[in-house]
>>> print(open('target-v8.cif').read())   # mmCIF, C-alpha atoms and all ligand atoms
data_my_file
#
loop_
_atom_site.label_atom_id
_atom_site.label_comp_id
_atom_site.auth_asym_id
_atom_site.auth_seq_id
_atom_site.Cartn_x
_atom_site.Cartn_y
_atom_site.Cartn_z
CA MET V 1 0.00 0.00 0.00
CA ALA V 2 1.45 3.35 -1.06
CA ARG V 3 1.83 5.65 1.96
CA LEU V 4 -0.01 8.91 1.55
CA ALA V 5 2.02 12.03 2.29
CA VAL V 6 -0.54 14.76 3.06
CA ILE V 7 -4.14 13.90 3.88
CA LEU V 8 -7.15 16.18 4.23
CA GLY V 9 -9.67 14.74 6.71
CA LEU V 10 -13.37 15.60 6.98
CA GLU V 11 -15.74 14.67 9.82
CA THR V 12 -19.48 15.45 9.94
CA SER V 13 -21.04 12.43 11.68
CA CYS V 14 -22.87 14.38 14.40
CA ASP V 15 -22.84 18.04 15.39
CA GLU V 16 -19.21 18.98 14.74
CA THR V 17 -18.13 20.14 11.29
CA ALA V 18 -14.42 19.37 11.20
CA ALA V 19 -11.54 19.44 8.73
CA ALA V 20 -7.87 18.68 9.35
CA VAL V 21 -4.60 18.17 7.54
CA VAL V 22 -2.28 15.39 8.73
CA ASP V 23 0.95 14.18 7.15
CA ARG V 24 2.05 10.59 6.70
CA ASP V 25 4.05 10.60 9.91
CA GLY V 26 1.03 11.62 11.95
CA ARG V 27 1.89 15.29 12.40
CA VAL V 28 -1.19 17.48 12.64
CA LEU V 29 -0.71 20.43 10.27
CA ALA V 30 -4.21 21.86 10.86
CA ASN V 31 -7.22 20.86 12.96
CA VAL V 32 -10.38 22.96 12.65
CA VAL V 33 -13.58 22.08 14.52
CA ALA V 34 -16.78 24.12 14.25
CA SER V 35 -19.15 22.91 16.95
CA GLN V 36 -22.88 23.27 16.47
CA ALA V 37 -23.57 22.58 20.17
CA ASP V 38 -25.08 26.04 20.79
CA LEU V 39 -27.44 25.58 17.85
CA HIS V 40 -28.84 22.34 19.30
CA ALA V 41 -28.76 23.33 23.00
CA ARG V 42 -32.24 24.87 22.91
CA TYR V 43 -33.69 21.50 21.80
CA GLY V 44 -31.86 19.52 24.52
CA GLY V 45 -30.10 17.33 21.95
CA VAL V 46 -28.91 17.16 18.35
CA VAL V 47 -31.68 17.67 15.76
CA PRO V 48 -30.53 15.65 12.71
CA GLU V 49 -32.03 17.86 10.00
CA VAL V 50 -30.71 21.03 11.63
CA ALA V 51 -27.25 19.39 11.86
CA SER V 52 -27.24 18.44 8.14
CA ARG V 53 -28.16 21.95 7.05
CA ARG V 54 -25.49 23.50 9.23
CA HIS V 55 -22.86 21.04 7.92
CA LEU V 56 -23.79 22.14 4.43
CA GLU V 57 -23.10 25.78 5.33
CA LEU V 58 -19.89 25.06 7.22
CA ALA V 59 -18.18 22.27 5.26
CA MET V 60 -16.39 24.38 2.66
CA PRO V 61 -15.39 27.31 4.95
CA VAL V 62 -14.03 24.86 7.57
CA LEU V 63 -12.14 22.90 4.88
CA GLU V 64 -10.66 26.10 3.42
CA ARG V 65 -9.64 27.26 6.88
CA ALA V 66 -7.84 23.94 7.50
CA LEU V 67 -5.87 24.25 4.25
CA GLU V 68 -5.03 27.86 5.10
CA ASP V 69 -3.84 26.89 8.62
CA ALA V 70 -1.66 24.15 7.09
CA GLY V 71 -0.30 26.65 4.55
CA ILE V 72 -1.21 24.44 1.58
CA GLY V 73 -3.67 24.31 -1.32
CA LEU V 74 -5.84 21.48 -2.65
CA GLY V 75 -3.12 20.76 -5.23
CA ASP V 76 -0.70 19.77 -2.44
CA LEU V 77 -2.91 16.96 -1.13
CA ASP V 78 -2.30 13.25 -1.72
CA ALA V 79 -5.71 12.02 -0.54
CA VAL V 80 -8.98 13.01 1.09
CA ALA V 81 -10.26 11.02 4.10
CA VAL V 82 -13.84 11.19 5.32
CA THR V 83 -16.07 9.63 7.97
CA GLU V 84 -18.41 7.23 6.20
CA GLY V 85 -20.32 6.05 9.32
CA PRO V 86 -21.72 5.40 11.84
CA GLY V 87 -23.62 8.58 12.70
CA LEU V 88 -26.53 10.73 11.57
CA ILE V 89 -27.11 9.70 7.98
CA GLY V 90 -27.90 13.17 6.61
CA ALA V 91 -24.92 14.69 8.40
CA LEU V 92 -22.60 11.96 7.11
CA LEU V 93 -23.84 12.43 3.55
CA VAL V 94 -22.87 16.10 3.57
CA GLY V 95 -19.28 15.20 4.54
CA LEU V 96 -19.08 12.31 2.10
CA ALA V 97 -20.45 14.36 -0.82
CA THR V 98 -18.06 17.21 0.00
CA ALA V 99 -15.09 14.82 0.20
CA LYS V 100 -16.02 13.12 -3.07
CA ALA V 101 -16.39 16.45 -4.87
CA VAL V 102 -13.07 17.81 -3.58
CA ALA V 103 -11.20 14.57 -4.31
CA TYR V 104 -12.76 14.07 -7.74
CA SER V 105 -12.11 17.64 -8.85
CA HIS V 106 -8.38 17.08 -8.24
CA GLY V 107 -8.21 13.43 -9.32
CA LEU V 108 -7.30 12.42 -5.76
CA PRO V 109 -7.95 9.08 -4.05
CA LEU V 110 -10.52 8.90 -1.24
CA VAL V 111 -10.20 7.00 2.04
CA PRO V 112 -13.52 6.23 3.78
CA VAL V 113 -13.04 5.92 7.55
CA ASP V 114 -15.20 4.35 10.25
CA HIS V 115 -15.86 6.97 12.94
CA LEU V 116 -14.91 4.62 15.80
CA HIS V 117 -11.66 3.62 14.11
CA GLY V 118 -11.08 7.37 13.77
CA HIS V 119 -11.38 7.83 17.55
CA VAL V 120 -8.81 5.05 18.06
CA ALA V 121 -6.46 6.68 15.54
CA SER V 122 -6.37 9.84 17.71
CA LEU V 123 -3.83 7.78 19.68
CA TYR V 124 -1.57 7.33 16.61
CA LEU V 125 -0.81 11.01 16.10
CA GLU V 126 2.42 12.76 16.99
CA PRO V 127 4.00 13.62 19.38
CA ASP V 128 3.27 10.42 21.29
CA PRO V 129 1.88 7.71 18.99
CA LEU V 130 0.70 4.52 20.70
CA GLU V 131 1.92 1.17 19.45
CA PRO V 132 -0.50 -1.82 19.34
CA PRO V 133 -1.24 -4.24 20.93
CA PHE V 134 -3.42 -2.51 23.52
CA LEU V 135 -6.87 -2.62 25.08
CA LEU V 136 -9.07 0.25 23.98
CA LEU V 137 -11.79 2.03 25.93
CA LEU V 138 -13.91 4.31 23.76
CA ALA V 139 -16.41 6.44 25.68
CA SER V 140 -18.28 9.09 23.72
CA GLY V 141 -21.76 10.55 23.38
CA GLY V 142 -22.80 7.96 20.82
CA HIS V 143 -20.74 4.89 21.75
CA THR V 144 -19.08 3.02 24.58
CA LEU V 145 -16.94 0.03 23.80
CA LEU V 146 -13.97 -2.07 24.75
CA ALA V 147 -11.82 -3.44 21.94
CA ASP V 148 -8.63 -5.39 21.48
CA VAL V 149 -6.30 -3.55 19.11
CA THR V 150 -3.52 -5.56 17.47
CA SER V 151 -3.02 -3.43 14.36
CA ARG V 152 -3.42 0.23 13.45
CA ALA V 153 -5.74 -0.80 10.61
CA GLY V 154 -8.60 -1.81 12.90
CA MET V 155 -9.80 -3.32 16.17
CA ARG V 156 -11.74 -6.27 17.54
CA ARG V 157 -14.73 -5.29 19.65
CA ILE V 158 -15.00 -7.31 22.87
CA GLY V 159 -17.79 -5.40 24.61
CA GLY V 160 -20.11 -2.45 24.30
CA THR V 161 -23.05 -0.77 25.91
CA LEU V 162 -26.37 -2.60 26.09
CA ASP V 163 -28.32 0.67 26.25
CA ASP V 164 -27.02 4.23 26.74
CA ALA V 165 -23.48 5.32 25.89
CA ALA V 166 -21.36 6.74 28.74
CA GLY V 167 -21.60 10.26 27.29
CA GLU V 168 -25.35 9.82 26.99
CA ALA V 169 -25.42 8.85 30.68
CA PHE V 170 -23.60 12.11 31.46
CA ASP V 171 -25.90 14.12 29.17
CA LYS V 172 -29.13 12.59 30.53
CA GLY V 173 -27.87 12.92 34.12
CA ALA V 174 -27.03 16.56 33.47
CA ARG V 175 -30.52 17.14 32.12
CA LEU V 176 -32.10 15.63 35.25
CA LEU V 177 -29.95 18.01 37.28
CA GLY V 178 -31.16 21.00 35.28
CA LEU V 179 -27.95 21.50 33.27
CA GLY V 180 -27.83 22.28 29.53
CA TYR V 181 -26.88 20.09 26.57
CA PRO V 182 -24.31 18.58 26.11
CA GLY V 183 -24.03 18.14 29.85
CA GLY V 184 -20.87 16.09 30.51
CA ALA V 185 -18.54 18.99 31.17
CA ALA V 186 -21.21 20.93 33.12
CA LEU V 187 -21.93 17.90 35.30
CA GLU V 188 -18.22 17.49 36.03
CA GLN V 189 -18.09 21.19 36.96
CA LEU V 190 -21.11 20.92 39.30
CA ALA V 191 -19.69 17.74 40.87
CA ARG V 192 -16.57 19.64 42.00
CA ASN V 193 -18.54 21.07 44.93
CA GLY V 194 -20.19 17.78 45.84
CA ASP V 195 -19.38 14.68 47.89
CA PRO V 196 -19.11 11.56 45.68
CA GLY V 197 -20.04 9.41 48.70
CA ALA V 198 -23.23 11.33 49.54
CA TYR V 199 -25.48 9.02 47.50
CA ASP V 200 -25.08 5.32 46.94
CA PHE V 201 -25.66 4.74 43.22
CA PRO V 202 -25.14 1.29 41.68
CA THR V 203 -22.03 0.55 39.55
CA PRO V 204 -23.71 -1.40 36.74
CA MET V 205 -22.30 -4.66 35.34
CA VAL V 206 -19.08 -4.67 37.39
CA GLY V 207 -18.33 -8.24 38.46
CA ARG V 208 -20.65 -9.77 35.85
CA PRO V 209 -19.38 -12.06 33.07
CA GLY V 210 -18.48 -10.50 29.69
CA HIS V 211 -17.35 -6.97 28.87
CA ASP V 212 -20.57 -5.08 28.25
CA PHE V 213 -21.75 -1.87 29.90
CA SER V 214 -25.20 -0.64 30.90
CA PHE V 215 -26.04 2.88 32.05
CA SER V 216 -29.81 3.20 31.79
CA GLY V 217 -30.50 1.79 35.30
CA LEU V 218 -28.09 4.29 36.80
CA LYS V 219 -29.90 7.13 35.07
CA THR V 220 -33.21 5.85 36.48
CA ALA V 221 -31.67 5.74 39.98
CA LEU V 222 -30.71 9.40 39.56
CA ARG V 223 -34.21 10.25 38.37
CA TYR V 224 -35.72 8.71 41.55
CA ALA V 225 -33.15 10.43 43.77
CA VAL V 226 -33.96 13.81 42.19
CA ALA V 227 -37.72 13.20 42.53
CA ARG V 228 -37.42 12.18 46.21
CA GLU V 229 -36.21 15.61 47.35
CA PRO V 230 -37.29 18.11 44.68
CA ASP V 231 -36.43 21.17 46.82
CA GLY V 232 -33.01 20.07 48.02
CA GLY V 233 -31.18 23.16 46.73
CA ALA V 234 -27.84 23.67 45.00
CA GLY V 235 -25.73 21.78 47.56
CA ARG V 236 -27.78 18.64 47.08
CA ARG V 237 -27.51 18.92 43.29
CA ALA V 238 -23.74 19.02 43.60
CA HIS V 239 -23.77 15.92 45.83
CA LEU V 240 -26.03 14.14 43.33
CA ALA V 241 -23.74 15.14 40.43
CA ALA V 242 -20.61 13.97 42.27
CA SER V 243 -22.17 10.64 43.34
CA TYR V 244 -23.61 9.97 39.88
CA GLN V 245 -20.32 10.82 38.16
CA ALA V 246 -18.48 8.54 40.62
CA ALA V 247 -20.82 5.66 39.67
CA VAL V 248 -20.35 6.17 35.90
CA VAL V 249 -16.58 6.37 36.38
CA ALA V 250 -16.54 3.30 38.66
CA ALA V 251 -18.48 1.32 36.03
CA LEU V 252 -16.09 2.39 33.24
CA VAL V 253 -12.94 1.77 35.28
CA GLY V 254 -14.24 -1.48 36.82
CA ARG V 255 -15.21 -3.02 33.48
CA THR V 256 -11.97 -1.85 31.85
CA GLY V 257 -9.93 -3.39 34.68
CA GLU V 258 -11.76 -6.69 34.20
CA ALA V 259 -11.09 -6.60 30.42
CA LEU V 260 -7.39 -5.90 31.04
CA ARG V 261 -7.17 -8.93 33.29
CA ALA V 262 -9.12 -11.12 30.82
CA THR V 263 -7.05 -10.14 27.76
CA GLY V 264 -3.70 -9.86 29.54
CA ARG V 265 -2.95 -6.58 27.72
CA ARG V 266 -0.35 -4.39 29.41
CA ARG V 267 -1.36 -1.18 27.63
CA LEU V 268 -4.63 0.77 27.71
CA GLY V 269 -5.72 3.44 25.22
CA VAL V 270 -8.65 5.71 26.12
CA VAL V 271 -10.51 7.88 23.57
CA GLY V 272 -13.81 9.72 23.01
CA GLY V 273 -15.50 12.82 24.44
CA VAL V 274 -15.98 11.34 27.93
CA ALA V 275 -12.19 10.81 28.15
CA ARG V 276 -12.03 14.58 28.78
CA ASN V 277 -13.48 13.94 32.23
CA GLY V 278 -10.85 14.67 34.88
CA VAL V 279 -12.27 12.26 37.46
CA LEU V 280 -12.25 9.43 34.89
CA ARG V 281 -8.69 10.27 33.82
CA ALA V 282 -7.48 10.24 37.42
CA ALA V 283 -9.30 6.98 38.26
CA LEU V 284 -7.88 5.24 35.17
CA ALA V 285 -4.38 6.47 36.02
CA GLU V 286 -4.72 5.07 39.53
CA MET V 287 -6.07 1.72 38.31
CA CYS V 288 -3.31 1.39 35.68
CA ALA V 289 -0.57 2.30 38.18
CA ARG V 290 -1.85 -0.39 40.55
CA ALA V 291 -2.05 -3.01 37.76
CA ASP V 292 1.27 -1.96 36.21
CA VAL V 293 -0.44 -1.13 32.91
CA GLU V 294 0.80 1.62 30.59
CA LEU V 295 -1.94 4.24 30.09
CA ALA V 296 -2.38 6.36 26.94
CA LEU V 297 -5.14 8.96 27.26
CA ALA V 298 -6.07 10.84 24.09
CA PRO V 299 -5.09 14.51 24.51
CA PRO V 300 -8.20 16.51 25.58
CA ALA V 301 -8.26 18.44 22.27
CA LEU V 302 -8.54 15.16 20.32
CA CYS V 303 -11.07 13.39 22.60
CA ALA V 304 -14.18 14.97 21.11
CA ASP V 305 -15.06 14.59 17.43
CA ASN V 306 -12.42 16.04 15.11
CA ALA V 307 -11.03 15.37 11.64
CA ALA V 308 -7.37 14.90 12.61
CA MET V 309 -8.31 11.47 13.95
CA ILE V 310 -10.08 10.65 10.65
CA ALA V 311 -7.03 11.64 8.57
CA SER V 312 -4.86 9.70 11.05
CA ALA V 313 -6.89 6.49 10.54
CA ALA V 314 -6.65 6.93 6.76
CA ARG V 315 -2.87 6.45 6.98
CA PHE V 316 -3.47 2.77 7.75
CA LEU V 317 -6.33 2.05 5.32
CA PRO V 318 -6.52 1.40 1.58
CA ALA V 319 -7.17 4.49 -0.57
CA ILE V 320 -9.82 4.13 -3.29
CA PRO V 321 -8.55 5.50 -6.61
CA CYS V 322 -10.41 8.25 -8.46
CA PRO V 323 -13.25 7.88 -9.56
CA ASP V 324 -14.14 4.46 -8.07
CA TYR V 325 -15.36 6.01 -4.79
CA LEU V 326 -18.20 7.97 -6.37
CA VAL V 327 -20.53 5.01 -5.69
CA ARG V 328 -19.70 4.83 -1.95
CA ASP V 329 -22.54 5.39 0.48
CA ALA V 330 -22.68 6.46 4.13
CA TYR V 331 -23.95 4.08 6.85
CA ALA V 332 -25.80 5.03 10.02
CA SER V 333 -25.23 2.06 12.34
CA LEU V 334 -22.31 0.38 14.01
CA ARG V 335 -20.13 -1.93 11.90
CA THR V 336 -17.29 -2.46 14.35
O1 LIG X 1 -16.70 11.95 21.16
P1 LIG X 1 -17.77 12.99 21.24
O2 LIG X 1 -17.43 14.41 20.90
O3 LIG X 1 -18.98 12.67 20.32
C1 LIG X 1 -19.43 11.41 19.95
O4 LIG X 1 -18.81 10.78 19.04
O5 LIG X 1 -20.45 11.02 20.55
O6 LIG X 1 -18.37 12.91 22.71
C2 LIG X 1 -19.33 13.81 23.21
C3 LIG X 1 -19.74 13.34 24.60
C4 LIG X 1 -20.97 14.08 25.14
O7 LIG X 1 -21.88 13.13 25.63
C5 LIG X 1 -20.39 14.93 26.26
O8 LIG X 1 -21.31 15.17 27.32
C6 LIG X 1 -19.23 14.08 26.73
O9 LIG X 1 -18.67 13.57 25.54
N1 LIG X 1 -18.24 14.87 27.48
C7 LIG X 1 -17.99 14.67 28.78
C8 LIG X 1 -17.05 15.67 29.16
N2 LIG X 1 -16.77 16.44 28.06
C9 LIG X 1 -17.51 15.92 27.03
N3 LIG X 1 -18.45 13.75 29.66
C10 LIG X 1 -17.99 13.82 30.91
N4 LIG X 1 -17.12 14.76 31.36
C11 LIG X 1 -16.63 15.69 30.53
N5 LIG X 1 -15.75 16.62 30.96
ZN ZN X 2 -17.26 10.49 18.15
#
>>> encode(input="target-v8.cif", output="structure tokens", more="lines below")
Ligand code: KG4
Ligand code: ZN
Amino acid sequence: MARLAVILGLETSCDETAAAVVDRDGRVLANVVASQADLHARYGGVVPEVASRRHLELAMPVLERALEDAGIGLGDLDAVAVTEGPGLIGALLVGLATAKAVAYSHGLPLVPVDHLHGHVASLYLEPDPLEPPFLLLLASGGHTLLADVTSRAGMRRIGGTLDDAAGEAFDKGARLLGLGYPGGAALEQLARNGDPGAYDFPTPMVGRPGHDFSFSGLKTALRYAVAREPDGGAGRRAHLAASYQAAVVAALVGRTGEALRATGRRRLGVVGGVARNGVLRAALAEMCARADVELALAPPALCADNAAMIASAARFLPAIPCPDYLVRDAYASLRT
């Protein structure tokens, strides 16, 4: 497989319009992310049709900005990489159509990338690229999974969530506590003034066979706790946030520890929006230190959706020559 020298990445699977330029060695030359979070906040979640329309407006300006930041033009590119799925189908189609048009107009090859593989490839970028084999924990707003990674070209899923994703658990918990969308960071902020031991929430699935997660019962426990004392005031909300966050973190860390023991892996990679959470980062560091496991946390700027991770993944995947990719279609659901 010919190694591509300069890759333009595009990512539009949810509510971030992102473009990035990455070179073959994994150096990020530009990384532009335009978040639509404010646009969707008033609805309490992402509205797919609104997201697609906004991607349409932002795709070209964001792409041009990335090229400008990298100090290059379209003629300097060797390939275009784009998220093909999973995600919101309309949103994905805007990115895919944009990528096809840009690649085709310059006779460039196209590399379709799976969004989850993209998250993993955030660990392969400079300055500190992670070498497989390792166990992967991906915790984002749309997905939560554990995978065994033996090659940079993919991963083998060993467990996932049976219901809500970890980020969804944070977002729904935040909503119950009267915080805005997306609520993960706001919940972490509120929890700083609370006691994580004030409420005894369950840590779902820990100790059970297999490597799956479940967060919907925890969310229901929070709903009941909130309903029990509706006038508890700000102090109680902080205690609830801290205790709820502690339970989500304990579930993630507990299940990951079990998967490390089951697979015998000595390295752990952690990616996705929830990996920005400071309490989770600290708990994973403590668990890995105790188990003598090397820990690689995605840098906070590359945890949430971005296109540098998509261009990074493309370095290890086959490029489709021009114009064979014009028939490619996006996919909404999980393939990993
Ligand atoms: O990876 P990402 O940007 O999008 C998906 O691919 O889903 O992840 C977004 C998720 C949201 O659910 C958001 O609430 C969560 O990551 N998140 C956090 C924090 N920052 C973002 N969750 C907990 N603590 C945070 N500090
Ligand atoms: Zn994502």
>>> closest_residue(input="target-v8.cif", among="V:Val6, V:Cys14, V:Val94, V:Ala81", to="ligand ZN 2 (chain X)", atoms="all atoms listed in the file")
V:Cys14
>>> residues_near_ligand(input="target-v8.cif", ligand="ligand LIG 1 (chain X)", cutoff="10 Å", atoms="all atoms listed in the file", output="VMD selection string")
chain V and resid 13 to 16 35 45 86 to 87 115 to 116 118 to 119 138 to 144 165 to 174 180 to 189 245 248 to 249 271 to 281 300 302 to 306
>>> write_last_selection(input="target-v8.cif", atoms="C-alpha atoms", output="compact mmCIF listing (two decimals), in the coordinates of the input")
# COMPACT_ATOMS: atom_id res chain seq x y z
CA SER V 13 -21.04 12.43 11.68
CA CYS V 14 -22.87 14.38 14.40
CA ASP V 15 -22.84 18.04 15.39
CA GLU V 16 -19.21 18.98 14.74
CA SER V 35 -19.15 22.91 16.95
CA GLY V 45 -30.10 17.33 21.95
CA PRO V 86 -21.72 5.40 11.84
CA GLY V 87 -23.62 8.58 12.70
CA HIS V 115 -15.86 6.97 12.94
CA LEU V 116 -14.91 4.62 15.80
CA GLY V 118 -11.08 7.37 13.77
CA HIS V 119 -11.38 7.83 17.55
CA LEU V 138 -13.91 4.31 23.76
CA ALA V 139 -16.41 6.44 25.68
CA SER V 140 -18.28 9.09 23.72
CA GLY V 141 -21.76 10.55 23.38
CA GLY V 142 -22.80 7.96 20.82
CA HIS V 143 -20.74 4.89 21.75
CA THR V 144 -19.08 3.02 24.58
CA ALA V 165 -23.48 5.32 25.89
CA ALA V 166 -21.36 6.74 28.74
CA GLY V 167 -21.60 10.26 27.29
CA GLU V 168 -25.35 9.82 26.99
CA ALA V 169 -25.42 8.85 30.68
CA PHE V 170 -23.60 12.11 31.46
CA ASP V 171 -25.90 14.12 29.17
CA LYS V 172 -29.13 12.59 30.53
CA GLY V 173 -27.87 12.92 34.12
CA ALA V 174 -27.03 16.56 33.47
CA GLY V 180 -27.83 22.28 29.53
CA TYR V 181 -26.88 20.09 26.57
CA PRO V 182 -24.31 18.58 26.11
CA GLY V 183 -24.03 18.14 29.85
CA GLY V 184 -20.87 16.09 30.51
CA ALA V 185 -18.54 18.99 31.17
CA ALA V 186 -21.21 20.93 33.12
CA LEU V 187 -21.93 17.90 35.30
CA GLU V 188 -18.22 17.49 36.03
CA GLN V 189 -18.09 21.19 36.96
CA GLN V 245 -20.32 10.82 38.16
CA VAL V 248 -20.35 6.17 35.90
CA VAL V 249 -16.58 6.37 36.38
CA VAL V 271 -10.51 7.88 23.57
CA GLY V 272 -13.81 9.72 23.01
CA GLY V 273 -15.50 12.82 24.44
CA VAL V 274 -15.98 11.34 27.93
CA ALA V 275 -12.19 10.81 28.15
CA ARG V 276 -12.03 14.58 28.78
CA ASN V 277 -13.48 13.94 32.23
CA GLY V 278 -10.85 14.67 34.88
CA VAL V 279 -12.27 12.26 37.46
CA LEU V 280 -12.25 9.43 34.89
CA ARG V 281 -8.69 10.27 33.82
CA PRO V 300 -8.20 16.51 25.58
CA LEU V 302 -8.54 15.16 20.32
CA CYS V 303 -11.07 13.39 22.60
CA ALA V 304 -14.18 14.97 21.11
CA ASP V 305 -15.06 14.59 17.43
CA ASN V 306 -12.42 16.04 15.11
>>> atom_distance(input="target-v8.cif", atom1="CA of Tyr199 (chain V)", atom2="CA of Ala282 (chain V)")
20.7 Å
>>> atom_distance(input="target-v8.cif", atom1="CA of Pro133 (chain V)", atom2="CA of Asp148 (chain V)")
7.5 Å
>>> residues_around(input="target-v8.cif", residues="Ala153 (chain V)", least_positions_apart="3", cutoff="8 Å", atoms="all atoms listed in the file", output="PyMOL selection string")
chain V and resi 313+316-317
>>> atom_distance(input="target-v8.cif", atom1="CA of Gly160 (chain V)", atom2="CA of Arg265 (chain V)")
18.0 Å
>>> closest_residue(input="target-v8.cif", among="V:Gly71, V:Pro204, V:Gly217, V:Gly9", to="Lys100 (chain V)", atoms="only C-alpha atoms")
V:Gly9
>>> closest_residue(input="target-v8.cif", among="V:Gly85, V:Pro127, V:Pro323, V:Pro318", to="ligand ZN 2 (chain X)", atoms="only C-alpha atoms and all ligand atoms")
V:Gly85
>>> closest_residue(input="target-v8.cif", among="V:Asp25, V:Asp76, V:Glu57, V:Asp114", to="ligand ZN 2 (chain X)", atoms="all atoms listed in the file")
V:Asp114
>>> residues_around(input="target-v8.cif", residues="Ala225 (chain V)", least_positions_apart="3", cutoff="12 Å", atoms="only C-alpha atoms", output="PDB file with C-alpha atoms, keeping the file's coordinate frame")
ATOM      1  CA  GLY V 173     -27.870  12.920  34.120  1.00  0.00           C
ATOM      2  CA  LEU V 176     -32.100  15.630  35.250  1.00  0.00           C
ATOM      3  CA  LEU V 177     -29.950  18.010  37.280  1.00  0.00           C
ATOM      4  CA  ALA V 198     -23.230  11.330  49.540  1.00  0.00           C
ATOM      5  CA  TYR V 199     -25.480   9.020  47.500  1.00  0.00           C
ATOM      6  CA  ASP V 200     -25.080   5.320  46.940  1.00  0.00           C
ATOM      7  CA  PHE V 201     -25.660   4.740  43.220  1.00  0.00           C
ATOM      8  CA  LEU V 218     -28.090   4.290  36.800  1.00  0.00           C
ATOM      9  CA  LYS V 219     -29.900   7.130  35.070  1.00  0.00           C
ATOM     10  CA  THR V 220     -33.210   5.850  36.480  1.00  0.00           C
ATOM     11  CA  ALA V 221     -31.670   5.740  39.980  1.00  0.00           C
ATOM     12  CA  LEU V 222     -30.710   9.400  39.560  1.00  0.00           C
ATOM     13  CA  ARG V 228     -37.420  12.180  46.210  1.00  0.00           C
ATOM     14  CA  GLU V 229     -36.210  15.610  47.350  1.00  0.00           C
ATOM     15  CA  PRO V 230     -37.290  18.110  44.680  1.00  0.00           C
ATOM     16  CA  ASP V 231     -36.430  21.170  46.820  1.00  0.00           C
ATOM     17  CA  GLY V 232     -33.010  20.070  48.020  1.00  0.00           C
ATOM     18  CA  ARG V 236     -27.780  18.640  47.080  1.00  0.00           C
ATOM     19  CA  ARG V 237     -27.510  18.920  43.290  1.00  0.00           C
ATOM     20  CA  HIS V 239     -23.770  15.920  45.830  1.00  0.00           C
ATOM     21  CA  LEU V 240     -26.030  14.140  43.330  1.00  0.00           C
ATOM     22  CA  ALA V 241     -23.740  15.140  40.430  1.00  0.00           C
ATOM     23  CA  SER V 243     -22.170  10.640  43.340  1.00  0.00           C
ATOM     24  CA  TYR V 244     -23.610   9.970  39.880  1.00  0.00           C
TER      25      TYR V 244
END
>>> residues_around(input="target-v8.cif", residues="region 52-56 of chain V", least_positions_apart="2", cutoff="12 Å", atoms="all atoms listed in the file", output="PyMOL selection string")
chain V and resi 10-19+33-40+46-50+58-63+87-98
>>> closest_residue(input="target-v8.cif", among="V:Ala319, V:Leu67, V:Ala296, V:Ala330", to="Asp128 (chain V)", atoms="all atoms listed in the file")
V:Ala296
>>> decode(input="target-v8.cif", residues="region 43-51 of chain V", atoms="N, CA, C and O atoms", output="PDB file, in the first residue's frame")
ATOM      1  N   TYR V  43     -32.810  22.671  21.981  1.00  0.00           N
ATOM      2  CA  TYR V  43     -33.685  21.504  21.798  1.00  0.00           C
ATOM      3  C   TYR V  43     -33.332  20.378  22.782  1.00  0.00           C
ATOM      4  O   TYR V  43     -33.973  19.343  22.783  1.00  0.00           O
ATOM      5  N   GLY V  44     -32.264  20.542  23.549  1.00  0.00           N
ATOM      6  CA  GLY V  44     -31.865  19.520  24.521  1.00  0.00           C
ATOM      7  C   GLY V  44     -31.189  18.320  23.883  1.00  0.00           C
ATOM      8  O   GLY V  44     -31.033  17.275  24.510  1.00  0.00           O
ATOM      9  N   GLY V  45     -30.778  18.433  22.636  1.00  0.00           N
ATOM     10  CA  GLY V  45     -30.098  17.329  21.950  1.00  0.00           C
ATOM     11  C   GLY V  45     -29.915  17.700  20.492  1.00  0.00           C
ATOM     12  O   GLY V  45     -30.425  18.732  20.054  1.00  0.00           O
ATOM     13  N   VAL V  46     -29.191  16.845  19.754  1.00  0.00           N
ATOM     14  CA  VAL V  46     -28.915  17.158  18.348  1.00  0.00           C
ATOM     15  C   VAL V  46     -30.152  16.882  17.486  1.00  0.00           C
ATOM     16  O   VAL V  46     -30.714  15.783  17.541  1.00  0.00           O
ATOM     17  N   VAL V  47     -30.559  17.855  16.693  1.00  0.00           N
ATOM     18  CA  VAL V  47     -31.676  17.668  15.757  1.00  0.00           C
ATOM     19  C   VAL V  47     -31.056  17.351  14.388  1.00  0.00           C
ATOM     20  O   VAL V  47     -30.393  18.198  13.787  1.00  0.00           O
ATOM     21  N   PRO V  48     -31.251  16.096  13.912  1.00  0.00           N
ATOM     22  CA  PRO V  48     -30.528  15.653  12.709  1.00  0.00           C
ATOM     23  C   PRO V  48     -30.646  16.584  11.505  1.00  0.00           C
ATOM     24  O   PRO V  48     -29.647  16.907  10.863  1.00  0.00           O
ATOM     25  N   GLU V  49     -31.848  17.031  11.197  1.00  0.00           N
ATOM     26  CA  GLU V  49     -32.035  17.861  10.004  1.00  0.00           C
ATOM     27  C   GLU V  49     -31.327  19.215  10.152  1.00  0.00           C
ATOM     28  O   GLU V  49     -30.717  19.718   9.203  1.00  0.00           O
ATOM     29  N   VAL V  50     -31.390  19.759  11.361  1.00  0.00           N
ATOM     30  CA  VAL V  50     -30.707  21.031  11.628  1.00  0.00           C
ATOM     31  C   VAL V  50     -29.187  20.826  11.473  1.00  0.00           C
ATOM     32  O   VAL V  50     -28.486  21.667  10.892  1.00  0.00           O
ATOM     33  N   ALA V  51     -28.692  19.691  11.954  1.00  0.00           N
ATOM     34  CA  ALA V  51     -27.253  19.392  11.859  1.00  0.00           C
ATOM     35  C   ALA V  51     -26.824  19.310  10.392  1.00  0.00           C
ATOM     36  O   ALA V  51     -25.817  19.912   9.993  1.00  0.00           O
TER      37      ALA V  51
END
